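Below you'll find the structure, written out as structure tokens, and then a few comments.
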Amino acid sequence: MYNDTQKLIAKDLLSIKAVFFRPEEPFTWASGIKSPVYCDNRLTLTSVKVRTDVETSLAKVIKENYPDVEVLMGTSTAGIAHAAITAHLMDLPMGYVRSGAKDHGRQNQIEGKLEAGQKVVVVEDLISTGGSVIEVVNTLREAGAVVLGIVSIFTYGMKKGIDRLNEANVKNISLTNFDCIAEVAAESGYIKESDVARLIAFRNNPSDESWIGK
């Protein structure tokens, strides 16, 4: 059901505890939503093995899905390092997009040289509801860039995120996803097999907390 890359990155993220599963004691997101999962992909940068797997996989996915790419643009701040390393591997220029324009200096929101008409791939670490990465896409489009699509390390696959990406007419390719990590976690003994259904119930409707305590 899942390809080799999806399984490899899922195992990598679990091995360094970049993804925590805690269905019995849910985490609380800033939005107030209770979540059985906490994901911190910044930890991939401190593991040489995992970092190598992630960046080489990003490069491979970009070459396969966006062969015409001319520039990589990272999301601020989590996508910047991944965009830089992947761009180095691919011998491409890179830059990044701030969440808002600076209030000093040249007041840039896009950092790095970007010319109108250049074909860009956005590099993101994870996608949940998709709001922040779509803001980056819109900023690049307003600057005249041709956004070919997004690559990300991990996606929750939430309906809201999928719908937003479709509405923005932008494609995302993730190295791995919530369902794959849940399956690998159960196979590896990180969680109980019975927890998988609870995790998927959360993914399908994050605002419905009926999965808690089941």
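Starting from 1 in every chain, residues are counted up; chains themselves are A, B, ... following the order of the structure tokens, and ligands are numbered from 1 as listed.
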
- Item | Residues of stretch 64-179 of chain A in strand (DSSP E or B), written as a PyMOL selection string | chain A and resi 71-75+94-97+110-111+119-127+146-155+172-177

- Would you mind listing what lies within 10 Å of stretch 73-84 of chain A as number ranges by chain, with only C-alpha atoms counted and same-chain residues fewer than 2 positions away left out? A: 40-42, 44-45, 51, 54-55, 58-59, 71, 86-90, 92-100, 110-112, 114, 120-126, 132-133, 135-137, 140, 147, 150-153

Compile a residue-level contact table for stretch 49-148 of chain A against stretch 159-180 of chain A at a cut-off of 6 Å, reporting for every qualifying residue the shortest atom pair and its distance in Å to one decimal, with only C-alpha atoms counted, rows ordered by chain and ascending number, as CSV.
```
residue,atom,partner,partner_atom,distance
A:Ser128,CA,A:Gly161,CA,6.0
A:Thr129,CA,A:Gly161,CA,3.9
A:Gly130,CA,A:Gly161,CA,4.6
```

Please, could you write that set of residues out with all heavy atoms as an mmCIF file, in the first residue's frame?
```cif
data_model
loop_
_atom_site.group_PDB
_atom_site.id
_atom_site.type_symbol
_atom_site.label_atom_id
_atom_site.label_comp_id
_atom_site.auth_asym_id
_atom_site.auth_seq_id
_atom_site.Cartn_x
_atom_site.Cartn_y
_atom_site.Cartn_z
ATOM 1 N N SER A 128 -0.682 20.258 7.687
ATOM 2 C CA SER A 128 -1.872 19.800 8.412
ATOM 3 C C SER A 128 -3.106 20.354 7.698
ATOM 4 O O SER A 128 -3.683 19.701 6.842
ATOM 5 C CB SER A 128 -1.817 20.220 9.882
ATOM 6 O OG SER A 128 -1.599 21.618 10.012
ATOM 7 N N THR A 129 -3.480 21.595 8.009
ATOM 8 C CA THR A 129 -4.637 22.187 7.330
ATOM 9 C C THR A 129 -4.241 22.965 6.080
ATOM 10 O O THR A 129 -5.110 23.425 5.346
ATOM 11 C CB THR A 129 -5.410 23.119 8.285
ATOM 12 O OG1 THR A 129 -4.538 24.163 8.734
ATOM 13 C CG2 THR A 129 -5.939 22.339 9.487
ATOM 14 N N GLY A 130 -2.949 23.139 5.854
ATOM 15 C CA GLY A 130 -2.473 23.719 4.599
ATOM 16 C C GLY A 130 -2.451 25.231 4.516
ATOM 17 O O GLY A 130 -1.968 25.790 3.525
#
```

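With only C-alpha atoms as the basis for measurement, A:Val184 is the residue among A:Val184, A:Val61, A:Ala30, A:Ala143 that approaches A:Asp12 most closely.
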